Each structure stands twice: as C-alpha cells, then as structure tokens.
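A.B. asks: Mind looking over this structure? Questions follow.
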Amino acid sequence: MNANSTGKSPWGGWLLHAVVGLGLTAVLAGLDAPRVALLVAVLAMGIAREIGDGDFRRANGGPWNGVLDVLAFLPAPLVYLVAHAR
C-alpha cells in the first residue's frame, strides 16, 4: 500500500496477531507450560479476541474474517510444538 491509500492492509492486522501469538507463546513456554496447554491457550485467546471484535458476524465479513484472524495467532505455537515434539 502507498501513503495515499486509505484502505487498511490485512497484513498489518495479521502480523500484529502473529506477534501477539508469539508473545503469549514465549511467556507460556518460559513458564514451562505443557505444549498442548500452550496451543489451547493461544487458540482460546485468539477466539476470544475475535468474538469481542465481532469478526465472526456476517456484518463484519464473518465467519471467515474471524477464522482467518484466529489462524494468524497460531504460527508461533505450532512451530513450538513441532520443534519440541518427542
């Protein structure tokens, strides 16, 4: 997007969601939370955030807008799970 564009880029929002997921993953990993609990916590936080935001409602582009936003939270915990799989 250029400086004259008034539309919002979805990448900015998705990138922010991924950073928040990374932060929560880092905190829970630092607290030595079980791996599945870490994934469930990040997923629950993402779902709660999108419900509060109203992104699952049809008026706001839902349900796919909410689903895509929730998926944007998950890269960090999924990488953590794969990296620490036994």
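Lettering and numbering for the structure tokens are positional, with chains as A, B, ... in the shown order, residues counted from 1 in each chain, and ligands counted from 1 in the shown order.
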Taking 2 positions as the minimum chain separation for residues in the same chain, which residues sit within 12 Å of Arg49 of chain A when counting only C-alpha atoms? Answer as a ChimeraX atom specification.

C.D. replies: /A:17,20-21,42-47,51-56,66-67,69-70,72-73

A.B. asks: List as CSV every residue of segment 4-72 of chain A that is in contact with segment 80-86 of chain A, defined as an atom at most 9 Å from one of its atoms (using only C-alpha atoms), together with the nearest atom pair and the distance in Å rounded to one decimal, sorted by chain and then rising number.

C.D. replies:
residue,atom,partner,partner_atom,distance
A:Thr25,CA,A:Tyr80,CA,8.0
A:Ala29,CA,A:Tyr80,CA,8.6
A:Arg35,CA,A:Leu81,CA,6.3
A:Val36,CA,A:Leu81,CA,8.0
A:Leu38,CA,A:Leu81,CA,8.9
A:Leu39,CA,A:Leu81,CA,8.0

A.B. asks: Please produce a file of those selected residues containing N, CA and C atoms, as a short mmCIF file (atom, residue, chain, number, x, y, z; two decimals), in the first residue's frame.

C.D. replies:
data_model
loop_
_atom_site.label_atom_id
_atom_site.label_comp_id
_atom_site.auth_asym_id
_atom_site.auth_seq_id
_atom_site.Cartn_x
_atom_site.Cartn_y
_atom_site.Cartn_z
N THR A 25 3.05 -17.23 23.40
CA THR A 25 3.78 -18.50 23.32
C THR A 25 5.08 -18.40 24.11
N ALA A 29 5.84 -20.66 27.30
CA ALA A 29 6.99 -21.55 27.19
C ALA A 29 8.00 -21.25 28.31
N ARG A 35 2.86 -28.42 26.39
CA ARG A 35 2.78 -28.00 24.99
C ARG A 35 1.34 -27.88 24.50
N VAL A 36 0.50 -28.83 24.81
CA VAL A 36 -0.89 -28.78 24.34
C VAL A 36 -1.63 -27.63 25.03
N LEU A 38 -0.34 -24.87 25.95
CA LEU A 38 0.15 -23.66 25.30
C LEU A 38 -0.64 -23.39 24.02
N LEU A 39 -0.83 -24.42 23.21
CA LEU A 39 -1.59 -24.28 21.97
C LEU A 39 -3.04 -23.91 22.26
#

A.B. asks: Pick out each residue of chain A that DSSP on the backbone tags as alpha helix (DSSP H); I need them as an MDAnalysis selection string.

C.D. replies: chainID A and resid 10:30 35:53 64:72 75:83

A.B. asks: Take the selection from the previous step and output its residues with C-alpha atoms, as a PDB file, in the first residue's frame.

C.D. replies:
ATOM      1  CA  PRO A  10      -4.881  -7.158   6.118  1.00  0.00           C
ATOM      2  CA  TRP A  11      -1.166  -7.963   6.506  1.00  0.00           C
ATOM      3  CA  GLY A  12      -0.777  -5.343   9.219  1.00  0.00           C
ATOM      4  CA  GLY A  13      -3.551  -6.872  11.295  1.00  0.00           C
ATOM      5  CA  TRP A  14      -2.433 -10.435  10.682  1.00  0.00           C
ATOM      6  CA  LEU A  15       1.154  -9.545  11.502  1.00  0.00           C
ATOM      7  CA  LEU A  16       0.023  -7.990  14.765  1.00  0.00           C
ATOM      8  CA  HIS A  17      -1.993 -11.129  15.578  1.00  0.00           C
ATOM      9  CA  ALA A  18       1.095 -13.265  14.884  1.00  0.00           C
ATOM     10  CA  VAL A  19       3.244 -11.073  17.151  1.00  0.00           C
ATOM     11  CA  VAL A  20       0.704 -11.363  19.974  1.00  0.00           C
ATOM     12  CA  GLY A  21       0.612 -15.152  19.472  1.00  0.00           C
ATOM     13  CA  LEU A  22       4.410 -15.201  19.582  1.00  0.00           C
ATOM     14  CA  GLY A  23       4.449 -13.172  22.792  1.00  0.00           C
ATOM     15  CA  LEU A  24       1.933 -15.403  24.531  1.00  0.00           C
ATOM     16  CA  THR A  25       3.781 -18.495  23.320  1.00  0.00           C
ATOM     17  CA  ALA A  26       7.061 -17.116  24.683  1.00  0.00           C
ATOM     18  CA  VAL A  27       5.537 -16.320  28.079  1.00  0.00           C
ATOM     19  CA  LEU A  28       3.879 -19.729  28.428  1.00  0.00           C
ATOM     20  CA  ALA A  29       6.994 -21.549  27.194  1.00  0.00           C
ATOM     21  CA  GLY A  30       9.051 -19.588  29.714  1.00  0.00           C
ATOM     22  CA  ARG A  35       2.775 -27.997  24.995  1.00  0.00           C
ATOM     23  CA  VAL A  36      -0.889 -28.777  24.345  1.00  0.00           C
ATOM     24  CA  ALA A  37      -1.981 -26.289  27.014  1.00  0.00           C
ATOM     25  CA  LEU A  38       0.149 -23.660  25.297  1.00  0.00           C
ATOM     26  CA  LEU A  39      -1.590 -24.275  21.969  1.00  0.00           C
ATOM     27  CA  VAL A  40      -5.044 -24.291  23.577  1.00  0.00           C
ATOM     28  CA  ALA A  41      -4.316 -21.047  25.456  1.00  0.00           C
ATOM     29  CA  VAL A  42      -3.191 -19.201  22.322  1.00  0.00           C
ATOM     30  CA  LEU A  43      -6.148 -20.568  20.356  1.00  0.00           C
ATOM     31  CA  ALA A  44      -8.602 -19.583  23.115  1.00  0.00           C
ATOM     32  CA  MET A  45      -7.106 -16.094  23.332  1.00  0.00           C
ATOM     33  CA  GLY A  46      -7.437 -15.699  19.555  1.00  0.00           C
ATOM     34  CA  ILE A  47     -11.050 -16.879  19.538  1.00  0.00           C
ATOM     35  CA  ALA A  48     -11.971 -14.633  22.476  1.00  0.00           C
ATOM     36  CA  ARG A  49     -10.321 -11.671  20.784  1.00  0.00           C
ATOM     37  CA  GLU A  50     -12.237 -12.218  17.556  1.00  0.00           C
ATOM     38  CA  ILE A  51     -15.552 -12.772  19.336  1.00  0.00           C
ATOM     39  CA  GLY A  52     -15.032  -9.498  21.180  1.00  0.00           C
ATOM     40  CA  ASP A  53     -14.057  -7.805  17.934  1.00  0.00           C
ATOM     41  CA  TRP A  64     -14.238 -16.237   7.543  1.00  0.00           C
ATOM     42  CA  ASN A  65     -12.816 -12.924   8.691  1.00  0.00           C
ATOM     43  CA  GLY A  66     -12.763 -14.250  12.246  1.00  0.00           C
ATOM     44  CA  VAL A  67     -11.412 -17.664  11.234  1.00  0.00           C
ATOM     45  CA  LEU A  68      -8.522 -16.133   9.279  1.00  0.00           C
ATOM     46  CA  ASP A  69      -7.695 -13.803  12.160  1.00  0.00           C
ATOM     47  CA  VAL A  70      -7.682 -16.701  14.637  1.00  0.00           C
ATOM     48  CA  LEU A  71      -5.370 -18.666  12.337  1.00  0.00           C
ATOM     49  CA  ALA A  72      -2.992 -15.700  12.309  1.00  0.00           C
ATOM     50  CA  PRO A  75       2.183 -19.886  13.710  1.00  0.00           C
ATOM     51  CA  ALA A  76       4.308 -19.436  16.857  1.00  0.00           C
ATOM     52  CA  PRO A  77       2.651 -22.158  18.969  1.00  0.00           C
ATOM     53  CA  LEU A  78       2.612 -24.567  16.020  1.00  0.00           C
ATOM     54  CA  VAL A  79       6.326 -24.015  15.375  1.00  0.00           C
ATOM     55  CA  TYR A  80       6.964 -24.501  19.109  1.00  0.00           C
ATOM     56  CA  LEU A  81       5.006 -27.765  19.107  1.00  0.00           C
ATOM     57  CA  VAL A  82       6.879 -29.093  16.077  1.00  0.00           C
ATOM     58  CA  ALA A  83      10.259 -28.022  17.441  1.00  0.00           C
TER      59      ALA A  83
END
